[in-house]
Structures are given as structure tokens and as C-alpha cells.
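Structure file run.cif; described as mmCIF, C-alpha atoms, pLDDT in the B column; chains and numbers go by the auth columns.
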```cif
data_query
#
loop_
_atom_site.group_PDB
_atom_site.id
_atom_site.type_symbol
_atom_site.label_atom_id
_atom_site.label_comp_id
_atom_site.label_asym_id
_atom_site.label_seq_id
_atom_site.Cartn_x
_atom_site.Cartn_y
_atom_site.Cartn_z
_atom_site.B_iso_or_equiv
_atom_site.auth_seq_id
_atom_site.auth_asym_id
ATOM 1 C CA MET A 1 0.291 -61.525 -27.856 90.00 537 A
ATOM 2 C CA ILE A 2 -1.124 -63.753 -25.140 94.00 538 A
ATOM 3 C CA LYS A 3 1.024 -66.255 -23.272 95.00 539 A
ATOM 4 C CA ALA A 4 -0.639 -69.255 -21.696 96.00 540 A
ATOM 5 C CA ARG A 5 0.409 -72.320 -19.798 97.00 541 A
ATOM 6 C CA VAL A 6 -1.555 -75.523 -20.331 97.00 542 A
ATOM 7 C CA THR A 7 -1.068 -78.234 -17.725 97.00 543 A
ATOM 8 C CA VAL A 8 -2.093 -81.793 -18.556 97.00 544 A
ATOM 9 C CA THR A 9 -2.201 -84.340 -15.738 97.00 545 A
ATOM 10 C CA LEU A 10 -3.420 -87.896 -15.455 97.00 546 A
ATOM 11 C CA LYS A 11 -6.876 -88.299 -13.952 96.00 547 A
ATOM 12 C CA ASN A 12 -7.093 -89.748 -10.454 94.00 548 A
ATOM 13 C CA GLY A 13 -7.106 -93.508 -10.577 93.00 549 A
ATOM 14 C CA VAL A 14 -5.173 -93.768 -13.828 96.00 550 A
ATOM 15 C CA LEU A 15 -1.986 -95.783 -13.330 96.00 551 A
ATOM 16 C CA ASP A 16 1.230 -93.759 -13.681 96.00 552 A
ATOM 17 C CA PRO A 17 4.195 -96.144 -14.016 96.00 553 A
ATOM 18 C CA GLN A 18 6.552 -93.273 -14.850 95.00 554 A
ATOM 19 C CA GLY A 19 5.599 -91.504 -11.625 95.00 555 A
ATOM 20 C CA LYS A 20 6.076 -94.760 -9.689 96.00 556 A
ATOM 21 C CA ALA A 21 9.546 -95.180 -11.188 96.00 557 A
ATOM 22 C CA ILE A 22 10.496 -91.637 -10.151 96.00 558 A
ATOM 23 C CA GLU A 23 9.109 -92.315 -6.655 95.00 559 A
ATOM 24 C CA LYS A 24 11.353 -95.386 -6.313 95.00 560 A
ATOM 25 C CA SER A 25 14.374 -93.562 -7.720 95.00 561 A
ATOM 26 C CA LEU A 26 13.919 -90.745 -5.214 95.00 562 A
ATOM 27 C CA GLY A 27 13.815 -93.326 -2.424 94.00 563 A
ATOM 28 C CA ALA A 28 16.966 -94.957 -3.792 95.00 564 A
ATOM 29 C CA LEU A 29 18.671 -91.534 -3.827 94.00 565 A
ATOM 30 C CA GLY A 30 17.984 -91.197 -0.103 93.00 566 A
ATOM 31 C CA PHE A 31 14.954 -88.910 -0.133 92.00 567 A
ATOM 32 C CA GLY A 32 12.711 -90.222 2.643 87.00 568 A
ATOM 33 C CA GLY A 33 9.022 -89.532 3.101 88.00 569 A
ATOM 34 C CA VAL A 34 8.084 -89.254 -0.540 93.00 570 A
ATOM 35 C CA GLY A 35 4.408 -90.211 -0.563 90.00 571 A
ATOM 36 C CA SER A 36 3.543 -90.254 -4.219 93.00 572 A
ATOM 37 C CA VAL A 37 4.782 -88.801 -7.495 96.00 573 A
ATOM 38 C CA ARG A 38 2.618 -88.271 -10.569 96.00 574 A
ATOM 39 C CA GLN A 39 3.945 -86.939 -13.807 96.00 575 A
ATOM 40 C CA GLY A 40 2.229 -84.614 -16.238 97.00 576 A
ATOM 41 C CA LYS A 41 2.991 -82.251 -19.079 97.00 577 A
ATOM 42 C CA VAL A 42 3.031 -78.482 -19.552 97.00 578 A
ATOM 43 C CA PHE A 43 2.736 -76.571 -22.783 97.00 579 A
ATOM 44 C CA ASP A 44 3.759 -72.914 -22.931 97.00 580 A
ATOM 45 C CA VAL A 45 1.794 -71.490 -25.822 96.00 581 A
ATOM 46 C CA GLU A 46 2.013 -68.024 -27.376 95.00 582 A
ATOM 47 C CA LEU A 47 -1.024 -66.809 -29.279 94.00 583 A
ATOM 48 C CA ASP A 48 -1.067 -63.831 -31.654 93.00 584 A
ATOM 49 C CA THR A 49 -4.246 -62.278 -30.341 90.00 585 A
ATOM 50 C CA LYS A 50 -5.304 -59.797 -27.662 91.00 586 A
ATOM 51 C CA ASP A 51 -8.708 -61.359 -27.053 91.00 587 A
ATOM 52 C CA ARG A 52 -8.428 -63.334 -23.785 93.00 588 A
ATOM 53 C CA LYS A 53 -11.869 -64.951 -24.177 93.00 589 A
ATOM 54 C CA LYS A 54 -11.003 -66.213 -27.662 92.00 590 A
ATOM 55 C CA ALA A 55 -7.586 -67.371 -26.466 93.00 591 A
ATOM 56 C CA GLU A 56 -9.165 -69.379 -23.642 94.00 592 A
ATOM 57 C CA ALA A 57 -11.713 -70.943 -25.992 94.00 593 A
ATOM 58 C CA ASP A 58 -8.987 -71.784 -28.535 94.00 594 A
ATOM 59 C CA LEU A 59 -6.729 -73.307 -25.893 96.00 595 A
ATOM 60 C CA SER A 60 -9.539 -75.498 -24.565 96.00 596 A
ATOM 61 C CA ALA A 61 -10.244 -76.664 -28.107 96.00 597 A
ATOM 62 C CA MET A 62 -6.529 -77.407 -28.624 95.00 598 A
ATOM 63 C CA CYS A 63 -6.548 -79.519 -25.463 96.00 599 A
ATOM 64 C CA GLU A 64 -9.645 -81.433 -26.542 96.00 600 A
ATOM 65 C CA LYS A 65 -8.260 -82.084 -30.018 95.00 601 A
ATOM 66 C CA LEU A 66 -4.516 -82.535 -29.545 96.00 602 A
ATOM 67 C CA LEU A 67 -2.802 -81.668 -26.287 96.00 603 A
ATOM 68 C CA ALA A 68 -4.682 -83.930 -23.901 96.00 604 A
ATOM 69 C CA ASN A 69 -6.212 -87.369 -24.088 96.00 605 A
ATOM 70 C CA THR A 70 -9.400 -86.525 -22.220 96.00 606 A
ATOM 71 C CA VAL A 71 -10.227 -90.167 -21.580 97.00 607 A
ATOM 72 C CA ILE A 72 -7.355 -90.435 -19.108 97.00 608 A
ATOM 73 C CA GLU A 73 -6.108 -86.865 -18.680 97.00 609 A
ATOM 74 C CA ASP A 74 -7.331 -83.588 -17.206 97.00 610 A
ATOM 75 C CA TYR A 75 -6.171 -80.231 -18.507 97.00 611 A
ATOM 76 C CA HIS A 76 -5.975 -76.768 -17.043 97.00 612 A
ATOM 77 C CA VAL A 77 -5.432 -73.525 -18.945 96.00 613 A
ATOM 78 C CA ASP A 78 -3.758 -70.507 -17.307 95.00 614 A
ATOM 79 C CA ILE A 79 -3.536 -67.252 -19.225 94.00 615 A
ATOM 80 C CA LEU A 80 -0.335 -65.578 -17.960 89.00 616 A
ATOM 81 C CA MET B 1 1.485 -84.053 4.344 90.00 302 B
ATOM 82 C CA ILE B 2 2.724 -81.402 1.932 94.00 303 B
ATOM 83 C CA LYS B 3 1.716 -81.396 -1.721 95.00 304 B
ATOM 84 C CA ALA B 4 3.966 -79.698 -4.222 96.00 305 B
ATOM 85 C CA ARG B 5 4.075 -79.157 -7.952 97.00 306 B
ATOM 86 C CA VAL B 6 7.457 -79.107 -9.647 97.00 307 B
ATOM 87 C CA THR B 7 7.530 -77.619 -13.148 97.00 308 B
ATOM 88 C CA VAL B 8 10.502 -78.363 -15.395 97.00 309 B
ATOM 89 C CA THR B 9 10.858 -76.359 -18.601 97.00 310 B
ATOM 90 C CA LEU B 10 13.552 -76.050 -21.234 97.00 311 B
ATOM 91 C CA LYS B 11 15.828 -73.034 -20.861 96.00 312 B
ATOM 92 C CA ASN B 12 15.444 -70.248 -23.395 94.00 313 B
ATOM 93 C CA GLY B 13 17.489 -70.952 -26.487 93.00 314 B
ATOM 94 C CA VAL B 14 17.363 -74.727 -26.097 96.00 315 B
ATOM 95 C CA LEU B 15 15.825 -76.327 -29.176 96.00 316 B
ATOM 96 C CA ASP B 16 12.426 -77.970 -28.590 96.00 317 B
ATOM 97 C CA PRO B 17 11.565 -80.217 -31.561 96.00 318 B
ATOM 98 C CA GLN B 18 8.575 -81.686 -29.708 95.00 319 B
ATOM 99 C CA GLY B 19 7.152 -78.192 -29.187 95.00 320 B
ATOM 100 C CA LYS B 20 7.763 -77.375 -32.856 96.00 321 B
ATOM 101 C CA ALA B 21 5.915 -80.523 -33.914 96.00 322 B
ATOM 102 C CA ILE B 22 2.927 -79.590 -31.738 96.00 323 B
ATOM 103 C CA GLU B 23 3.008 -76.066 -33.205 95.00 324 B
ATOM 104 C CA LYS B 24 2.802 -77.465 -36.725 95.00 325 B
ATOM 105 C CA SER B 25 0.072 -79.929 -35.794 95.00 326 B
ATOM 106 C CA LEU B 26 -2.026 -77.136 -34.280 95.00 327 B
ATOM 107 C CA GLY B 27 -1.639 -75.191 -37.523 94.00 328 B
ATOM 108 C CA ALA B 28 -2.663 -78.251 -39.524 95.00 329 B
ATOM 109 C CA LEU B 29 -5.736 -78.623 -37.298 94.00 330 B
ATOM 110 C CA GLY B 30 -6.797 -75.105 -38.247 93.00 331 B
ATOM 111 C CA PHE B 31 -5.698 -73.150 -35.182 92.00 332 B
ATOM 112 C CA GLY B 32 -4.335 -69.886 -36.563 87.00 333 B
ATOM 113 C CA GLY B 33 -2.065 -67.435 -34.765 88.00 334 B
ATOM 114 C CA VAL B 34 -0.140 -69.929 -32.691 93.00 335 B
ATOM 115 C CA GLY B 35 3.168 -68.170 -32.104 89.00 336 B
ATOM 116 C CA SER B 36 5.249 -70.745 -30.346 93.00 337 B
ATOM 117 C CA VAL B 37 4.773 -73.888 -28.280 96.00 338 B
ATOM 118 C CA ARG B 38 7.298 -75.225 -25.808 96.00 339 B
ATOM 119 C CA GLN B 39 6.804 -78.409 -23.869 96.00 340 B
ATOM 120 C CA GLY B 40 7.822 -79.145 -20.315 97.00 341 B
ATOM 121 C CA LYS B 41 7.062 -81.537 -17.487 97.00 342 B
ATOM 122 C CA VAL B 42 5.236 -81.348 -14.187 97.00 343 B
ATOM 123 C CA PHE B 43 5.667 -83.574 -11.169 97.00 344 B
ATOM 124 C CA ASP B 44 3.025 -83.639 -8.444 97.00 345 B
ATOM 125 C CA VAL B 45 4.855 -84.779 -5.351 96.00 346 B
ATOM 126 C CA GLU B 46 3.438 -85.636 -1.921 95.00 347 B
ATOM 127 C CA LEU B 47 5.836 -85.427 1.002 94.00 348 B
ATOM 128 C CA ASP B 48 5.187 -86.891 4.464 93.00 349 B
ATOM 129 C CA THR B 49 6.281 -83.850 6.441 90.00 350 B
ATOM 130 C CA LYS B 50 4.767 -80.677 7.843 91.00 351 B
ATOM 131 C CA ASP B 51 7.959 -78.615 7.569 91.00 352 B
ATOM 132 C CA ARG B 52 7.567 -76.356 4.506 93.00 353 B
ATOM 133 C CA LYS B 53 11.186 -75.167 4.631 93.00 354 B
ATOM 134 C CA LYS B 54 12.492 -78.724 4.642 92.00 355 B
ATOM 135 C CA ALA B 55 10.056 -79.710 1.892 93.00 356 B
ATOM 136 C CA GLU B 56 11.246 -76.854 -0.315 94.00 357 B
ATOM 137 C CA ALA B 57 14.894 -77.728 0.274 94.00 358 B
ATOM 138 C CA ASP B 58 14.222 -81.422 -0.414 94.00 359 B
ATOM 139 C CA LEU B 59 12.319 -80.654 -3.617 96.00 360 B
ATOM 140 C CA SER B 60 15.105 -78.416 -4.912 96.00 361 B
ATOM 141 C CA ALA B 61 17.599 -81.175 -4.190 96.00 362 B
ATOM 142 C CA MET B 62 15.348 -83.689 -6.009 95.00 363 B
ATOM 143 C CA CYS B 63 15.298 -81.405 -9.038 96.00 364 B
ATOM 144 C CA GLU B 64 19.072 -80.972 -9.033 96.00 365 B
ATOM 145 C CA LYS B 65 19.658 -84.711 -8.683 95.00 366 B
ATOM 146 C CA LEU B 66 16.892 -86.375 -10.659 96.00 367 B
ATOM 147 C CA LEU B 67 13.900 -84.409 -11.902 96.00 368 B
ATOM 148 C CA ALA B 68 15.626 -81.788 -14.052 96.00 369 B
ATOM 149 C CA ASN B 69 18.676 -81.711 -16.269 96.00 370 B
ATOM 150 C CA THR B 70 19.934 -78.333 -15.089 96.00 371 B
ATOM 151 C CA VAL B 71 22.242 -77.959 -18.075 97.00 372 B
ATOM 152 C CA ILE B 72 19.268 -77.459 -20.375 97.00 373 B
ATOM 153 C CA GLU B 73 16.269 -77.176 -18.046 97.00 374 B
ATOM 154 C CA ASP B 74 14.921 -74.752 -15.442 97.00 375 B
ATOM 155 C CA TYR B 75 12.753 -75.908 -12.561 97.00 376 B
ATOM 156 C CA HIS B 76 10.233 -74.222 -10.336 97.00 377 B
ATOM 157 C CA VAL B 77 8.816 -75.570 -7.069 96.00 378 B
ATOM 158 C CA ASP B 78 5.332 -74.592 -5.857 95.00 379 B
ATOM 159 C CA ILE B 79 4.170 -75.777 -2.464 94.00 380 B
ATOM 160 C CA LEU B 80 0.368 -76.134 -2.771 89.00 381 B
#
```
Whole structure given in C-alpha cells:
Amino acid sequence: MIKARVTVTLKNGVLDPQGKAIEKSLGALGFGGVGSVRQGKVFDVELDTKDRKKAEADLSAMCEKLLANTVIEDYHVDIL
Amino acid sequence: MIKARVTVTLKNGVLDPQGKAIEKSLGALGFGGVGSVRQGKVFDVELDTKDRKKAEADLSAMCEKLLANTVIEDYHVDIL
């Protein structure tokens, strides 16, 4: 069994209103010096295989097809 | 300026219907051997400080107060 963490983040330059809202809320809560906040997603995936190469290839394909919108998002796969 | 990544994930045992839905969709797309999928959030935060200790303390406080629901979620802070 292989465990992996896939991180999907917005590409630079893509507007992130949710991140902006969090940034303002942190300011309102009294946290000073918060430069910028950008929100993304993580997926913890378990795969029933022992083949790391295949797992990496599968996870990239999953990102391309479902987990990430590659027009506006980047993804990163970490095998744990 | 300190950059940090905060990862918020559901605690073990907490139901994750969104993860389950992704799991099923991956199966429907033809990806076999997907054991489990759990979804979480990441926040990329920039702080205007050079004090790592203070940054870590601030980020933990942000998680406790706003970024995570500590009843059902765990958080992890990485200073990059």
C-alpha cells in the first residue's frame, strides 16, 4: 500500500477571493503583518500497489483528469 | 518575510463525504486500486517578520482561532 499526498494550489496570478477573505479576517482578529494568504487543497490518497513509479504516474493522471483544474491550478504529488 | 504552509486535515474517524465522492469518481474514471481518499486544505501564508519562533506561534494561534476547526480537524505548520 502506498500513501501519497497531492497538493493542488492556484497558479500565480489567478485571483483567490477566499484567500483574500481569510487575510482580512486574520487582520480583523488582530494578527498583524500578514502579507498574503492563498488557499489550496490536499488529497491524501491510498493506493493498493507497491510500485512507486506506477503510483506516481497514476496520481499525475488523476490530477490531470479530476483532482486539479490545470488551467488555473498547479499540482504536486508526494509519495509518503 | 517568512513563508509558511499550513495544512488542515480531518481527524481520523471523522467522516469525509467529499473524499468518498472523489474515491468513487476515480473508480468510475478507471483508476483501480484506490484505497481511500481524504480531502484537506492548505493555506500558503506570508508573514512580514524575520522571527521564526514568533511566526510559528502566530500561525498556531491563527489555526486555533480561524483556519482549523480543532474539534474535527488537525493542523500542521511548515515554515518554508
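Residue nearest Lys539 (chain A), chosen from B:Leu327, B:Val338, B:Ala356, B:Ala369 and counting only C-alpha atoms: B:Val338.
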Q | Length of the CA of Asn370 (chain B) to CA of Asp345 (chain B) vector [Å] | A | 17.6 Å
Q: Measuring atom to atom with all atoms listed in the file, identify which of B:Glu365, B:Asp317, B:Glu357, B:Glu347 is nearest to chain A.
A: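 Of all the options, B:Glu347 lies closest to chain A.
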Q | Within 9 Å of file point (21.7, -76.4, -26.6), counting only C-alpha atoms, expressed as JSON, numbers by chain | A | {"B": [312, 314, 315, 316, 372, 373]}
Q. Quick one: of B:Ala362, B:Val346, B:Ile380, B:Leu368, who's nearest to chain A, counting all atoms listed in the file?
A.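 Ranked by minimum distance to chain A, first place goes to B:Val346.
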Counting all atoms listed in the file, what is within 12 Å of Gly566 (chain A), bar same-chain residues fewer than 6 positions away, as a PDB file with C-alpha atoms, keeping the file's coordinate frame?
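Saved as result.pdb:
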```pdb
ATOM      1  CA  GLU A 559       9.109 -92.315  -6.655  1.00 95.00           C
ATOM      2  CA  LYS A 560      11.353 -95.386  -6.313  1.00 95.00           C
TER       3      LYS A 560
ATOM      4  CA  ASP B 359      14.222 -81.422  -0.414  1.00 94.00           C
ATOM      5  CA  ALA B 362      17.599 -81.175  -4.190  1.00 96.00           C
ATOM      6  CA  MET B 363      15.348 -83.689  -6.009  1.00 95.00           C
ATOM      7  CA  LYS B 366      19.658 -84.711  -8.683  1.00 95.00           C
ATOM      8  CA  LEU B 367      16.892 -86.375 -10.659  1.00 96.00           C
TER       9      LEU B 367
END
```
Q.
Please identify all residues of chain A having at least one atom at most 7 Å from any atom of chain B, considering all atoms listed in the file, and return them as a ChimeraX atom specification.
A. /A:569-584
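With all atoms listed in the file as the atoms that count, the residue of A:Asp587, A:Asp610, A:Ser596, A:Gly563 with the shortest distance to Asn548 (chain A) is A:Asp610.
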Q: Would you mind reading off the distance between CA of Tyr376 (chain B) and CA of Cys364 (chain B), one decimal, in Å?
A: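 These atoms are spaced 7.0 Å apart.
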Q) So how far away is CA of Asp614 (chain A) from CA of Ala329 (chain B), in Å? A) 23.6 Å
